[in-house]
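Down below is the structure, laid out as C-alpha cells.
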There are 2 protein chains.
Amino acid sequence: MSDVFVTVEPEGRKIRSITGVTLLDAFAASGVSVRSECGGRGACGKCKVFVTEKTRINEVTDQEKRVLTREETSLNMRLACQVYLEGNLTVMIPVESRVRQRRIQVAGVDVALELSPAIRKLRAQPSPPTLLDTQTYSERLLRFLEETYDLQGLTIGYEALKKLPGALNASQRDVTATVWNSREIIDVEAGDTTQRAYGLAVDIGTSKIVGQLVSLDDGQVVATSSLENPQIIHGEDVISRITFASASEEGLDQLQSIVLGGINAVASRVCEQAGVHATHLYEMTLVGNSAMHHILLHIPPLSLALAPYVPTVKSSLNLRPKDLDLQMNDGGNIHLLPLVAGFVGADNIAGILSTRVHKSEELSILIDIGTNTEVNLGNREGLLCCSCASGPAFEGAHIRDGMKAVQGAIERVSIDANDHAVHFEVIGGGKPVGICGSAMIDILAEMFRHNLVNRTGRINEKAPTERIRKANDSLEFVVAWREETDKDEDIVITQGDIRELQLAKAAIYAGCSILMKHHAVSHEAIEKIYLAGAFGNYIDSDNAKIIGIIPDVPTENVVFVGNSALSGARMALLSTEMRREATDLSQQLTYVELGAASNFNEELISATYLPHKDLTRFPSVRKIVGKNTRTG
Amino acid sequence: MSDVFVTVEPEGRKIRSITGVTLLDAFAASGVSVRSECGGRGACGKCKVFVTEKTRINEVTDQEKRVLTREETSLNMRLACQVYLEGNLTVMIPVESRVRQRRIQVAGVDVALELSPAIRKLRAQPSPPTLLDTQTYSERLLRFLEETYDLQGLTIGYEALKKLPGALNASQRDVTATVWNSREIIDVEAGDTTQRAYGLAVDIGTSKIVGQLVSLDDGQVVATSSLENPQIIHGEDVISRITFASASEEGLDQLQSIVLGGINAVASRVCEQAGVHATHLYEMTLVGNSAMHHILLHIPPLSLALAPYVPTVKSSLNLRPKDLDLQMNDGGNIHLLPLVAGFVGADNIAGILSTRVHKSEELSILIDIGTNTEVNLGNREGLLCCSCASGPAFEGAHIRDGMKAVQGAIERVSIDANDHAVHFEVIGGGKPVGICGSAMIDILAEMFRHNLVNRTGRINEKAPTERIRKANDSLEFVVAWREETDKDEDIVITQGDIRELQLAKAAIYAGCSILMKHHAVSHEAIEKIYLAGAFGNYIDSDNAKIIGIIPDVPTENVVFVGNSALSGARMALLSTEMRREATDLSQQLTYVELGAASNFNEELISATYLPHKDLTRFPSVRKIVGKNTRTG
C-alpha cells in the first residue's frame, strides 16, 4: 500500500490516494463529484472517465465490457469504479459524468437545483433463467434493479411488461429500465438508452400554451414552443370558458379536446425541433389556472365561478397518457401541480417555486400579470395570495392597437421631454403593427411623466403636441405615424385604452394593497417584488411603479421574471423535491378572497389614479412626476 | 332502564334487551347478524328492517329520511341503528339486510364464503362548502367516507373525479361512491345505487371462454354465457397459438384483439341477459392458462414454450379497462389471478381455490382435464403440480365423431353385457350428432368391460357383435346407427380414436403417478380426487378409473367439479381473501416439470394400457374387468 496521485482534468487538480483503491473511491475521498447510480458495481455506466496518461492500472473488467462500447474502450474510456489504482494516473472527467447540479435561469432569478427527476433510466443485465431457477423475467429484472440501485418495493407497470420480452431478446438481456419515482418500471428498452430521457414542462395559460422540452439526463432545455390557446374561439377569459363548458355536455368535451390538441401540437413541435422521439418523452408537468386545470381534466368547472369558488380537486395528480390521449411514452406520467383555490391555480404555485419566495427571508411580493393576476405576499414564514380580475388589457385585448408580445409589437417606448417625439423598439425589429403590454406601461408612464395625461387618466387636450388629437369625439395619443408602421393607419392609444389600463393596474395594485393590509405592512417593508407575465423579454420596473401597478419599492428591488409558471413547471420536472414543495404550498398558502375584503371597492377606486389617490404610498413617484402630481 | 323483548322474524327468535339501546346493538348483543357498513351512523342504509308490530319506538330520524325512500318508510321500514328500544317489538329482517355469507356451488363442492368483494358501494352525504370552509369537493367526499366507514388513506381516481360535480349537483349531495379495495374511489353516482354492483368472472380456456355475471351486493350469479374461443382459427392448442403469436408482430396483435373481442362479447351477453348496464360492471376476474394470459395481455408468449418455460410475469395484476379496451365501468378494475409456471396457469390456481384442496387435511388430487391437463397433489401441508400434454381428444378434437359437450352430443353411454346394445343419452335430448368427452370415457370403459377392446387398446375383431366392423382397413365400433342419429352416417369410435384416447389418458395418469412418486405415496394414500374440465354436467368416475385416467381410489371419493376454474374466478370476485390465497398459492405450489422426470417415458408408455400395465396399481379394476385383464 503506497501513495499514488491522480491528476483530474480538465481542472488539473491533483488528488492523493493509495494503491488498491478504486478511482471512484479516490474521487469520493477527495470531494471530486462523479455520478454513480449503482454504488460502484459497474452496472450503471455513469462514472465514465478517460484515462489520458497512466503508469499501471488493471485490465478492462467484464463489467466494463458489458457497459462500454468497443469504441469507448478504444478511446481509453473506463468506469471509475472498475479502475484499481496501482500507480499515478491522469484522467479526464467528461461533462456527462459530473454530478448533476443545474442552475435554472428564471429571467432575473438564478436557482441552483439538484437534479432528481422522477424519471431515472437504469441499466440492467438480469441473469437468464434455468430449469432450476425459474423466476419470471419480470422478477429477475426487479431483483436486479433493487439490488443494484438500492431500491425497495419496486413494481413493473403494464406497458413495461409488454416490452420486456422483446427488449431482453434484442439485447442478450442488456436493457435500460425507466423507473418512475423509484417505485415503478414504466419502460424497458434494449441496450443503453440512459441518455434518451425527456420531459415536457407546459404552462397552459388562458391565452397561450407554452411548452419546454427538457433533457431529464442533464437538465438542459432542448426546445421551446408556444401556441395561442386554441380555446380562445370559445371566449377569451376564464369566465367565458367556464360558461361555455357549463352550457352543454359538448361544451366541456370540446374545450377539453381543443386544449389537449394544443398540448399535443406543442409536444410534437418541440420533439421535432430537438429530434426526440415521442417514446422518449416520459413525463409532462402541467400548470395552469384552476379553470384551465379542470377543463383539461374534463372536470365540470362551474363551481370555480360560483361562490364559494371551490375546486373539485386541488391536490397534485399523476395521470397516464391514455387518460388524456397525450402523445408520449405509453407508460409515462402526466403530473399536474396542485391548485390553491378556485382562482389561484397551479401556475401560481409554479411561480412561487421558481422565485423561491417561500424559502426566502426577504418579505417579497410576486405578481403574475395575466387575464387574472395572482399576487402573493410573504416569505418563508408564510404566504398570502389573492387573485385580481385585471382583465386581458396588458395582453392586448380591448386596447385599440393592442397585441400580444410577438413579432411586430412595440415593446418599449420613451417620449422626448421637449418635443414629445416618440422612440420605440419593436419585437423582431422592423415596422410595428401594434403595442404589447410592456409598451402600454411605458406609454402611460411617459405620458404621465410629461404631463400628457393627468392623475385621473384624462388626456391633456392642451398639451403642446400634435400627437394628441380628437377622433370620434374622443382624445387619443399617436404613438407611431402611419408611415412609421406596417399598417394603413397611425398606431394610437385612446382615452378608452387608458381607462382599460387604469382598471387593470388598479385591480392589481388593489390586490397588493389588501394583502399588505392583511399582513399589516406598508410598501417600506417590501424587500423584493417579482413581476411575472407574458410580457416578452421586457418590462420597465420604474414605469410600472410610476403608473402604480406595483407598490413603491426601490427600482433595484423589482425583478422581472418572465414566465415564472413555466420555470416552476420545469423545476418540478427536474426535481421531485419541488413537487413536495408544491404540495406544501398548496396547503400552506393563505388565500384571501378580495371580494370579501370590506375595503375592496375603495381600494380599487383609489388605485385607478396615477399612481394612486393616496400619494403618500408613492413617495418616489411624487418626486419624479413633479408638477403633474400637484395639478392632478 | 328495563327489559324489552324483540321478536325477530322470519325465524321467530325472541331476543332480550333493555330500553334505550338501538335495535342494531340489541341484534349484535344477541348474535343476530345484520349488515352495517357505517358502524351505526345511519349513513349506509344496510341495516333495514320492517317493524311489523310495536309498542313504542322513536320517530323516523333525519338520517332515515335521507336514506330510506318514502315508499320504504310507508311500509314501516326502519334502519336498525336508528331505532331506540322503548318497549317490545317484532321486526322482520329482509334477506338483503342479513350478513352476507354465500355458499358457492362448485358441482360437488360446497364452499362457504364470507362476502368481501374488492368493490363496495357506499352512500355519502358530504356537507356543502362555505366561504369559510373551502375544502374541495373531493376532500369533502373523502373525509365523509373515511369518517363514516372507518377508512384510511382513501384516494379518488381520475374517472370518479370527472363524475363528482355532476353527481353532487344531481342529487343535492346525496351520492353513492364505489370504493375499490378500501382505498380508491372509482365511481360516484347520484342517489342510492348501492345494489347496482356487478362483477364478471371469466375463464379463458384454449377452446372456450366462459363468463359469469355476479351481483357483488349479494353474491348471486345473475347470468352465465360462453363462447368458443375465437382464437381457434389460429390453432387449436396452446403451442400453435404461441407459434402464431411469435411468427409476426401482427400475430400477437390479432390473437389479443380476438380474445378481447370474445370477452367483450361474453360480457355484453350476460349484461343483456340480466339487464345490467355496463357502467355497473366494476370488476372482472380473469383466469386462464399461462399462454392465454400472456396473449391476452399482449406479452410475447414465446418463452412459455421454450425451456426453461418461464413466464414474463406470474404475479396477480390489476389493470384498467383502458389498458385492454374491455367494456365496463371506466374506473373499474380487471384482476388477473396469478400464474404458477409456464404451463400451469391462473385457471389451476382458481381450481384449487374453489375445491379448497390447499386448506384441507385430506391428501387430494385435483385434475383439470383440458388440452393441457393440470394435476395437483397435496393438502394444506403443501401442494405439487404439473402439466400434462393430454391434447384435445376429450374435447372432441382428433376423434372422428368427437365434439364438445354441447347440444346434440352423446354424453353418457352404456353397453349391454349380452347383446352389446348401446344405450346413450344426448345433451339437450333429441338425436345425436357426435360424442363428447364424458361419453368417450364411457365407451372405452364399457368396451373394455365387455371384452370389445383389450388391455393394449386393440378392438376385438372377433367379438360377437355386428357393431365391430372393418372400414378403410381399420376396425371401428358403431355407437349409434345412422337412423338413430341426426346425421347421414353412423356414429363410430375408430381404432384410431381409441389410440388418441389412450395417449390422452396416459398423459394424465402419468402426471398423477409422477406427482405421487414425488410425494412418496401410492393410490391408497389418496383420500379425494377432484375431477374438473369442460365435460358438461357429467363424468362417470368408475369409468374414468376403469380406463385408468385417474388413480384407483374408492368411487365415492371421486368428485366431479365441472368448471372449477370459473368457480375460483367467481370466488376471487366475491372475496379479496381469495386473492390473497391465490397469491400465496402462486408462490407455494411446487411445480414439477414432467419432462425432467427420469421415468417419464416409461410412465407414459405403461399408462397407455387399460387401465395400466401394472395392474397392482388398479386392484378394483382388476376385479371388475375379470376375464379381459387376464387375456390382455
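By convention in this document, the chains of the C-alpha cells carry letters A, B, ... by their order, each chain's residues are numbered from 1, and ligands are numbered from 1 in the order they are shown.
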From the DSSP assignment of the backbone, select every residue of region 200-426 of chain B that is strand (DSSP E), and format the answer as a ChimeraX atom specification.
/B:200-204,208-215,221-228,281-288,317-319,333-336,364-369,373-379,382-388,409-415,422-426
Could you tell me which residues of chain A sit within 6 Å of chain B when counting only C-alpha atoms, and give me the result as a list of chain:residue names?
A:Thr130, A:Leu131, A:Thr134, A:Thr136, A:Tyr137, A:Ser138, A:Lys162, A:Ile299, A:Pro308, A:Val310, A:Pro311, A:Thr312, A:Val313
Can I get the selected residues back with C-alpha atoms, as a PDB file, in the first residue's frame?
ATOM      1  CA  THR A 130     -32.575 -22.117 -15.895  1.00  0.00           C
ATOM      2  CA  LEU A 131     -34.624 -25.235 -15.214  1.00  0.00           C
ATOM      3  CA  THR A 134     -37.421 -20.388 -12.947  1.00  0.00           C
ATOM      4  CA  THR A 136     -40.034 -14.970 -14.111  1.00  0.00           C
ATOM      5  CA  TYR A 137     -38.349 -12.366 -16.311  1.00  0.00           C
ATOM      6  CA  SER A 138     -40.063  -9.510 -14.517  1.00  0.00           C
ATOM      7  CA  LYS A 162     -45.380  -5.862 -22.639  1.00  0.00           C
ATOM      8  CA  ILE A 299     -63.963  18.100 -14.623  1.00  0.00           C
ATOM      9  CA  PRO A 308     -67.673  29.942  -2.545  1.00  0.00           C
ATOM     10  CA  VAL A 310     -64.390  25.737  -4.595  1.00  0.00           C
ATOM     11  CA  PRO A 311     -62.453  23.427  -6.960  1.00  0.00           C
ATOM     12  CA  THR A 312     -63.445  19.781  -7.288  1.00  0.00           C
ATOM     13  CA  VAL A 313     -59.876  18.785  -6.567  1.00  0.00           C
TER      14      VAL A 313
END
Mind checking which residues fall within 10 Å of Arg143 (chain A), counting only C-alpha atoms, ignoring those fewer than 6 positions away in the same chain, and posting them as a list of chain:residue names?
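The neighbour list is A:Pro126, A:Tyr137, A:Tyr149, A:Leu151, A:Gln152, A:Gly153, A:Leu154.
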Extract, using only C-alpha atoms, all DNA, RNA and protein residues at most 8 Å from region 213-229 of chain B, discarding same-chain residues fewer than 4 positions from it, and format them as an mmCIF file with all heavy atoms, in the first residue's frame.
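Full text of out10.cif as output:
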data_model
loop_
_atom_site.group_PDB
_atom_site.id
_atom_site.type_symbol
_atom_site.label_atom_id
_atom_site.label_comp_id
_atom_site.auth_asym_id
_atom_site.auth_seq_id
_atom_site.Cartn_x
_atom_site.Cartn_y
_atom_site.Cartn_z
ATOM 1 N N GLU B 96 -81.858 -9.062 2.241
ATOM 2 C CA GLU B 96 -80.742 -8.199 1.825
ATOM 3 C C GLU B 96 -80.048 -7.515 3.004
ATOM 4 O O GLU B 96 -78.973 -6.953 2.848
ATOM 5 C CB GLU B 96 -81.200 -7.164 0.786
ATOM 6 C CG GLU B 96 -82.259 -6.188 1.250
ATOM 7 C CD GLU B 96 -83.674 -6.679 0.951
ATOM 8 O OE1 GLU B 96 -83.865 -7.909 0.843
ATOM 9 O OE2 GLU B 96 -84.581 -5.831 0.843
ATOM 10 N N ARG B 100 -73.714 -11.184 4.895
ATOM 11 C CA ARG B 100 -73.621 -11.921 3.659
ATOM 12 C C ARG B 100 -72.611 -13.043 3.737
ATOM 13 O O ARG B 100 -71.408 -12.813 3.683
ATOM 14 C CB ARG B 100 -73.274 -10.961 2.535
ATOM 15 C CG ARG B 100 -74.254 -9.824 2.495
ATOM 16 C CD ARG B 100 -73.916 -8.872 1.419
ATOM 17 N NE ARG B 100 -72.621 -8.233 1.659
ATOM 18 C CZ ARG B 100 -72.010 -7.523 0.749
ATOM 19 N NH1 ARG B 100 -72.521 -7.391 -0.442
ATOM 20 N NH2 ARG B 100 -70.866 -6.951 1.039
ATOM 21 N N ARG B 102 -72.117 -16.540 1.680
ATOM 22 C CA ARG B 102 -72.694 -17.171 0.499
ATOM 23 C C ARG B 102 -72.081 -18.543 0.326
ATOM 24 O O ARG B 102 -70.894 -18.746 0.547
ATOM 25 C CB ARG B 102 -72.396 -16.287 -0.714
ATOM 26 C CG ARG B 102 -73.081 -16.726 -1.962
ATOM 27 C CD ARG B 102 -73.649 -15.581 -2.775
ATOM 28 N NE ARG B 102 -74.852 -15.045 -2.207
ATOM 29 C CZ ARG B 102 -76.026 -15.669 -2.197
ATOM 30 N NH1 ARG B 102 -76.151 -16.890 -2.705
ATOM 31 N NH2 ARG B 102 -77.084 -15.093 -1.674
ATOM 32 N N LEU B 115 -68.757 -12.827 2.115
ATOM 33 C CA LEU B 115 -68.671 -11.860 1.020
ATOM 34 C C LEU B 115 -67.793 -10.680 1.430
ATOM 35 O O LEU B 115 -68.105 -9.971 2.378
ATOM 36 C CB LEU B 115 -70.051 -11.318 0.654
ATOM 37 C CG LEU B 115 -70.987 -12.217 -0.137
ATOM 38 C CD1 LEU B 115 -72.123 -11.391 -0.712
ATOM 39 C CD2 LEU B 115 -70.251 -12.918 -1.255
ATOM 40 N N PRO B 117 -66.110 -8.492 -1.302
ATOM 41 C CA PRO B 117 -65.584 -8.127 -2.616
ATOM 42 C C PRO B 117 -64.686 -6.893 -2.535
ATOM 43 O O PRO B 117 -64.774 -6.109 -1.584
ATOM 44 C CB PRO B 117 -66.843 -7.840 -3.439
ATOM 45 C CG PRO B 117 -67.933 -7.622 -2.470
ATOM 46 C CD PRO B 117 -67.561 -8.287 -1.191
ATOM 47 N N ILE B 119 -64.984 -4.487 -4.401
ATOM 48 C CA ILE B 119 -65.880 -3.367 -4.723
ATOM 49 C C ILE B 119 -66.907 -3.190 -3.614
ATOM 50 O O ILE B 119 -67.634 -4.114 -3.279
ATOM 51 C CB ILE B 119 -66.624 -3.668 -6.047
ATOM 52 C CG1 ILE B 119 -65.649 -3.779 -7.218
ATOM 53 C CG2 ILE B 119 -67.700 -2.612 -6.316
ATOM 54 C CD1 ILE B 119 -64.901 -2.523 -7.540
ATOM 55 N N THR B 194 -76.462 1.565 -4.415
ATOM 56 C CA THR B 194 -75.621 0.574 -3.726
ATOM 57 C C THR B 194 -75.863 -0.852 -4.208
ATOM 58 O O THR B 194 -74.956 -1.676 -4.143
ATOM 59 C CB THR B 194 -75.842 0.628 -2.201
ATOM 60 O OG1 THR B 194 -77.241 0.630 -1.937
ATOM 61 C CG2 THR B 194 -75.206 1.858 -1.608
ATOM 62 N N GLN B 195 -77.096 -1.119 -4.671
ATOM 63 C CA GLN B 195 -77.334 -2.506 -5.082
ATOM 64 C C GLN B 195 -76.914 -2.774 -6.527
ATOM 65 O O GLN B 195 -76.937 -3.914 -6.979
ATOM 66 C CB GLN B 195 -78.800 -2.863 -4.866
ATOM 67 C CG GLN B 195 -79.036 -3.264 -3.409
ATOM 68 C CD GLN B 195 -80.492 -3.167 -3.022
ATOM 69 O OE1 GLN B 195 -81.341 -3.745 -3.665
ATOM 70 N NE2 GLN B 195 -80.764 -2.415 -1.977
ATOM 71 N N ARG B 196 -76.530 -1.747 -7.236
ATOM 72 C CA ARG B 196 -76.135 -1.955 -8.638
ATOM 73 C C ARG B 196 -74.622 -2.097 -8.756
ATOM 74 O O ARG B 196 -73.920 -1.184 -9.158
ATOM 75 C CB ARG B 196 -76.667 -0.820 -9.505
ATOM 76 C CG ARG B 196 -78.092 -1.104 -9.976
ATOM 77 C CD ARG B 196 -78.683 0.061 -10.721
ATOM 78 N NE ARG B 196 -79.623 0.793 -9.870
ATOM 79 C CZ ARG B 196 -79.962 2.059 -10.035
ATOM 80 N NH1 ARG B 196 -79.409 2.768 -11.006
ATOM 81 N NH2 ARG B 196 -80.826 2.626 -9.238
ATOM 82 N N ALA B 197 -74.128 -3.233 -8.320
ATOM 83 C CA ALA B 197 -72.691 -3.514 -8.363
ATOM 84 C C ALA B 197 -72.508 -4.926 -8.883
ATOM 85 O O ALA B 197 -72.985 -5.887 -8.274
ATOM 86 C CB ALA B 197 -72.088 -3.385 -6.969
ATOM 87 N N TYR B 198 -71.831 -5.043 -9.995
ATOM 88 C CA TYR B 198 -71.670 -6.354 -10.615
ATOM 89 C C TYR B 198 -70.214 -6.635 -10.964
ATOM 90 O O TYR B 198 -69.418 -5.719 -11.165
ATOM 91 C CB TYR B 198 -72.540 -6.466 -11.877
ATOM 92 C CG TYR B 198 -74.004 -6.382 -11.543
ATOM 93 C CD1 TYR B 198 -74.648 -5.143 -11.491
ATOM 94 C CD2 TYR B 198 -74.726 -7.520 -11.203
ATOM 95 C CE1 TYR B 198 -75.984 -5.051 -11.137
ATOM 96 C CE2 TYR B 198 -76.065 -7.435 -10.840
ATOM 97 C CZ TYR B 198 -76.693 -6.196 -10.809
ATOM 98 O OH TYR B 198 -78.004 -6.104 -10.434
ATOM 99 N N GLY B 199 -69.914 -7.911 -11.013
ATOM 100 C CA GLY B 199 -68.591 -8.346 -11.426
ATOM 101 C C GLY B 199 -68.727 -9.484 -12.414
ATOM 102 O O GLY B 199 -69.760 -10.168 -12.459
ATOM 103 N N LEU B 200 -67.700 -9.675 -13.216
ATOM 104 C CA LEU B 200 -67.719 -10.759 -14.206
ATOM 105 C C LEU B 200 -66.519 -11.664 -13.961
ATOM 106 O O LEU B 200 -65.379 -11.198 -13.970
ATOM 107 C CB LEU B 200 -67.659 -10.169 -15.623
ATOM 108 C CG LEU B 200 -67.758 -11.167 -16.773
ATOM 109 C CD1 LEU B 200 -69.158 -11.762 -16.873
ATOM 110 C CD2 LEU B 200 -67.379 -10.505 -18.093
ATOM 111 N N ALA B 201 -66.808 -12.949 -13.721
ATOM 112 C CA ALA B 201 -65.731 -13.946 -13.610
ATOM 113 C C ALA B 201 -65.581 -14.592 -14.975
ATOM 114 O O ALA B 201 -66.571 -14.987 -15.582
ATOM 115 C CB ALA B 201 -66.093 -14.991 -12.561
ATOM 116 N N ILE B 204 -60.810 -18.109 -19.392
ATOM 117 C CA ILE B 204 -60.394 -18.057 -20.787
ATOM 118 C C ILE B 204 -59.697 -19.366 -21.122
ATOM 119 O O ILE B 204 -58.495 -19.520 -20.874
ATOM 120 C CB ILE B 204 -59.467 -16.849 -21.029
ATOM 121 C CG1 ILE B 204 -60.181 -15.576 -20.601
ATOM 122 C CG2 ILE B 204 -59.053 -16.768 -22.496
ATOM 123 C CD1 ILE B 204 -59.258 -14.549 -20.029
ATOM 124 N N GLY B 205 -60.472 -20.315 -21.597
ATOM 125 C CA GLY B 205 -59.887 -21.596 -21.958
ATOM 126 C C GLY B 205 -59.307 -21.531 -23.349
ATOM 127 O O GLY B 205 -59.646 -20.647 -24.140
ATOM 128 N N THR B 206 -58.431 -22.470 -23.655
ATOM 129 C CA THR B 206 -57.872 -22.520 -25.000
ATOM 130 C C THR B 206 -58.986 -22.688 -26.019
ATOM 131 O O THR B 206 -58.943 -22.118 -27.109
ATOM 132 C CB THR B 206 -56.887 -23.700 -25.110
ATOM 133 O OG1 THR B 206 -55.999 -23.641 -23.991
ATOM 134 C CG2 THR B 206 -56.088 -23.644 -26.390
ATOM 135 N N SER B 207 -60.021 -23.446 -25.635
ATOM 136 C CA SER B 207 -61.098 -23.653 -26.606
ATOM 137 C C SER B 207 -62.393 -22.946 -26.245
ATOM 138 O O SER B 207 -63.244 -22.787 -27.100
ATOM 139 C CB SER B 207 -61.358 -25.149 -26.809
ATOM 140 O OG SER B 207 -61.439 -25.809 -25.586
ATOM 141 N N LYS B 208 -62.562 -22.480 -25.007
ATOM 142 C CA LYS B 208 -63.847 -21.880 -24.639
ATOM 143 C C LYS B 208 -63.641 -20.707 -23.695
ATOM 144 O O LYS B 208 -62.773 -20.738 -22.838
ATOM 145 C CB LYS B 208 -64.697 -22.951 -23.945
ATOM 146 C CG LYS B 208 -66.187 -22.801 -24.176
ATOM 147 C CD LYS B 208 -66.926 -24.102 -23.868
ATOM 148 C CE LYS B 208 -67.751 -23.992 -22.600
ATOM 149 N NZ LYS B 208 -68.472 -25.249 -22.292
ATOM 150 N N ILE B 209 -64.421 -19.659 -23.879
ATOM 151 C CA ILE B 209 -64.436 -18.532 -22.953
ATOM 152 C C ILE B 209 -65.783 -18.571 -22.232
ATOM 153 O O ILE B 209 -66.828 -18.567 -22.879
ATOM 154 C CB ILE B 209 -64.300 -17.191 -23.700
ATOM 155 C CG1 ILE B 209 -62.975 -17.136 -24.458
ATOM 156 C CG2 ILE B 209 -64.404 -16.020 -22.735
ATOM 157 C CD1 ILE B 209 -62.834 -15.912 -25.363
ATOM 158 N N VAL B 259 -59.236 -12.325 -28.645
ATOM 159 C CA VAL B 259 -59.702 -12.820 -27.338
ATOM 160 C C VAL B 259 -60.384 -11.699 -26.559
ATOM 161 O O VAL B 259 -61.385 -11.926 -25.868
ATOM 162 C CB VAL B 259 -58.552 -13.494 -26.535
ATOM 163 C CG1 VAL B 259 -57.559 -12.477 -26.015
ATOM 164 C CG2 VAL B 259 -59.140 -14.298 -25.371
ATOM 165 N N GLY B 262 -63.764 -11.526 -27.751
ATOM 166 C CA GLY B 262 -64.543 -12.624 -27.173
ATOM 167 C C GLY B 262 -65.017 -12.296 -25.772
ATOM 168 O O GLY B 262 -66.176 -12.526 -25.410
ATOM 169 N N VAL B 266 -68.886 -11.882 -24.468
ATOM 170 C CA VAL B 266 -69.468 -12.588 -23.315
ATOM 171 C C VAL B 266 -70.019 -11.571 -22.310
ATOM 172 O O VAL B 266 -71.128 -11.718 -21.792
ATOM 173 C CB VAL B 266 -68.409 -13.500 -22.646
ATOM 174 C CG1 VAL B 266 -68.887 -13.978 -21.277
ATOM 175 C CG2 VAL B 266 -68.104 -14.695 -23.544
ATOM 176 N N ALA B 267 -69.242 -10.518 -22.062
ATOM 177 C CA ALA B 267 -69.682 -9.508 -21.095
ATOM 178 C C ALA B 267 -70.982 -8.850 -21.545
ATOM 179 O O ALA B 267 -71.914 -8.684 -20.755
ATOM 180 C CB ALA B 267 -68.590 -8.451 -20.900
ATOM 181 N N ARG B 269 -73.239 -10.035 -23.547
ATOM 182 C CA ARG B 269 -74.337 -11.003 -23.484
ATOM 183 C C ARG B 269 -74.883 -11.143 -22.067
ATOM 184 O O ARG B 269 -76.095 -11.098 -21.856
ATOM 185 C CB ARG B 269 -73.841 -12.391 -23.913
ATOM 186 C CG ARG B 269 -73.896 -12.605 -25.394
ATOM 187 C CD ARG B 269 -73.709 -14.093 -25.664
ATOM 188 N NE ARG B 269 -72.988 -14.296 -26.901
ATOM 189 C CZ ARG B 269 -72.463 -15.450 -27.248
ATOM 190 N NH1 ARG B 269 -72.536 -16.501 -26.438
ATOM 191 N NH2 ARG B 269 -71.845 -15.559 -28.403
ATOM 192 N N VAL B 270 -74.004 -11.350 -21.098
ATOM 193 C CA VAL B 270 -74.515 -11.568 -19.736
ATOM 194 C C VAL B 270 -75.166 -10.297 -19.204
ATOM 195 O O VAL B 270 -76.171 -10.367 -18.492
ATOM 196 C CB VAL B 270 -73.426 -12.080 -18.755
ATOM 197 C CG1 VAL B 270 -73.072 -13.520 -19.075
ATOM 198 C CG2 VAL B 270 -72.210 -11.188 -18.737
ATOM 199 N N CYS B 271 -74.602 -9.132 -19.556
ATOM 200 C CA CYS B 271 -75.222 -7.882 -19.101
ATOM 201 C C CYS B 271 -76.618 -7.749 -19.703
ATOM 202 O O CYS B 271 -77.562 -7.356 -19.023
ATOM 203 C CB CYS B 271 -74.361 -6.674 -19.472
ATOM 204 S SG CYS B 271 -72.944 -6.462 -18.382
ATOM 205 N N GLN B 273 -78.581 -10.209 -20.777
ATOM 206 C CA GLN B 273 -79.441 -11.218 -20.136
ATOM 207 C C GLN B 273 -79.984 -10.724 -18.805
ATOM 208 O O GLN B 273 -81.141 -10.946 -18.466
ATOM 209 C CB GLN B 273 -78.639 -12.496 -19.854
ATOM 210 C CG GLN B 273 -78.538 -13.482 -21.004
ATOM 211 C CD GLN B 273 -77.590 -14.623 -20.627
ATOM 212 O OE1 GLN B 273 -77.642 -15.160 -19.531
ATOM 213 N NE2 GLN B 273 -76.702 -14.972 -21.548
ATOM 214 N N ALA B 274 -79.119 -10.067 -18.040
ATOM 215 C CA ALA B 274 -79.507 -9.704 -16.678
ATOM 216 C C ALA B 274 -80.015 -8.275 -16.590
ATOM 217 O O ALA B 274 -80.384 -7.811 -15.511
ATOM 218 C CB ALA B 274 -78.303 -9.882 -15.743
ATOM 219 N N ARG B 570 -64.881 -16.768 -9.715
ATOM 220 C CA ARG B 570 -66.039 -16.153 -9.072
ATOM 221 C C ARG B 570 -65.749 -15.884 -7.597
ATOM 222 O O ARG B 570 -66.122 -14.842 -7.054
ATOM 223 C CB ARG B 570 -67.243 -17.080 -9.208
ATOM 224 C CG ARG B 570 -68.536 -16.440 -8.823
ATOM 225 C CD ARG B 570 -69.719 -17.250 -9.331
ATOM 226 N NE ARG B 570 -70.067 -18.359 -8.467
ATOM 227 C CZ ARG B 570 -70.059 -19.645 -8.813
ATOM 228 N NH1 ARG B 570 -69.661 -20.005 -10.011
ATOM 229 N NH2 ARG B 570 -70.427 -20.577 -7.967
ATOM 230 N N LEU B 573 -63.801 -12.905 -7.166
ATOM 231 C CA LEU B 573 -64.625 -11.714 -7.385
ATOM 232 C C LEU B 573 -65.343 -11.317 -6.105
ATOM 233 O O LEU B 573 -65.563 -10.137 -5.825
ATOM 234 C CB LEU B 573 -65.650 -12.052 -8.472
ATOM 235 C CG LEU B 573 -66.260 -10.988 -9.352
ATOM 236 C CD1 LEU B 573 -65.213 -10.062 -9.913
ATOM 237 C CD2 LEU B 573 -67.021 -11.664 -10.479
ATOM 238 N N LEU B 574 -65.688 -12.309 -5.319
ATOM 239 C CA LEU B 574 -66.540 -12.075 -4.151
ATOM 240 C C LEU B 574 -65.760 -11.906 -2.860
ATOM 241 O O LEU B 574 -66.321 -11.520 -1.840
ATOM 242 C CB LEU B 574 -67.535 -13.230 -3.992
ATOM 243 C CG LEU B 574 -68.562 -13.353 -5.122
ATOM 244 C CD1 LEU B 574 -69.436 -14.561 -4.911
ATOM 245 C CD2 LEU B 574 -69.408 -12.081 -5.193
#
Do you know which residues are at most 9 Å from Phe50 (chain A) counting only C-alpha atoms, after dropping those on the same chain fewer than 5 positions away, and could you put them as a PyMOL selection string?
chain A and resi 72+75-79+90-94
For Leu585 (chain B), find every residue with an atom within 10 Å (counting only C-alpha atoms), except residues of its own chain fewer than 6 positions away, and show them as a list in words.
Pro338, Leu339, Val340, Asn348, Ile349, Ala350, Ile352, Leu353, His358, Gly382, Leu383 and Arg579 of chain B
If we count only C-alpha atoms, what is near region 172-175 of chain A at a cut-off of 12 Å, once residues fewer than 2 positions away on the same chain are taken out, given as a PyMOL selection string?
chain A and resi 43-44+63+65-68+121-129+137-138+140-141+144-145+160+163-170+177-178+187-194
May I have all residues of region 351-468 of chain A that DSSP, computed from the backbone, assigns to helix (DSSP H, G or I), given as a PyMOL selection string?
chain A and resi 351-355+357-359+393-395+437-449
Could you state the separation of CA of Val621 (chain B) and CA of Ile605 (chain B) in Å, given to one decimal place?
18.8 Å
Given only C-alpha atoms as the counted atoms, nearest of A:Ala439, A:Ile547, A:Leu89, A:Cys38 to Ile18 (chain A):
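Among the listed residues, the smallest separation from Ile18 (chain A) belongs to A:Leu89.
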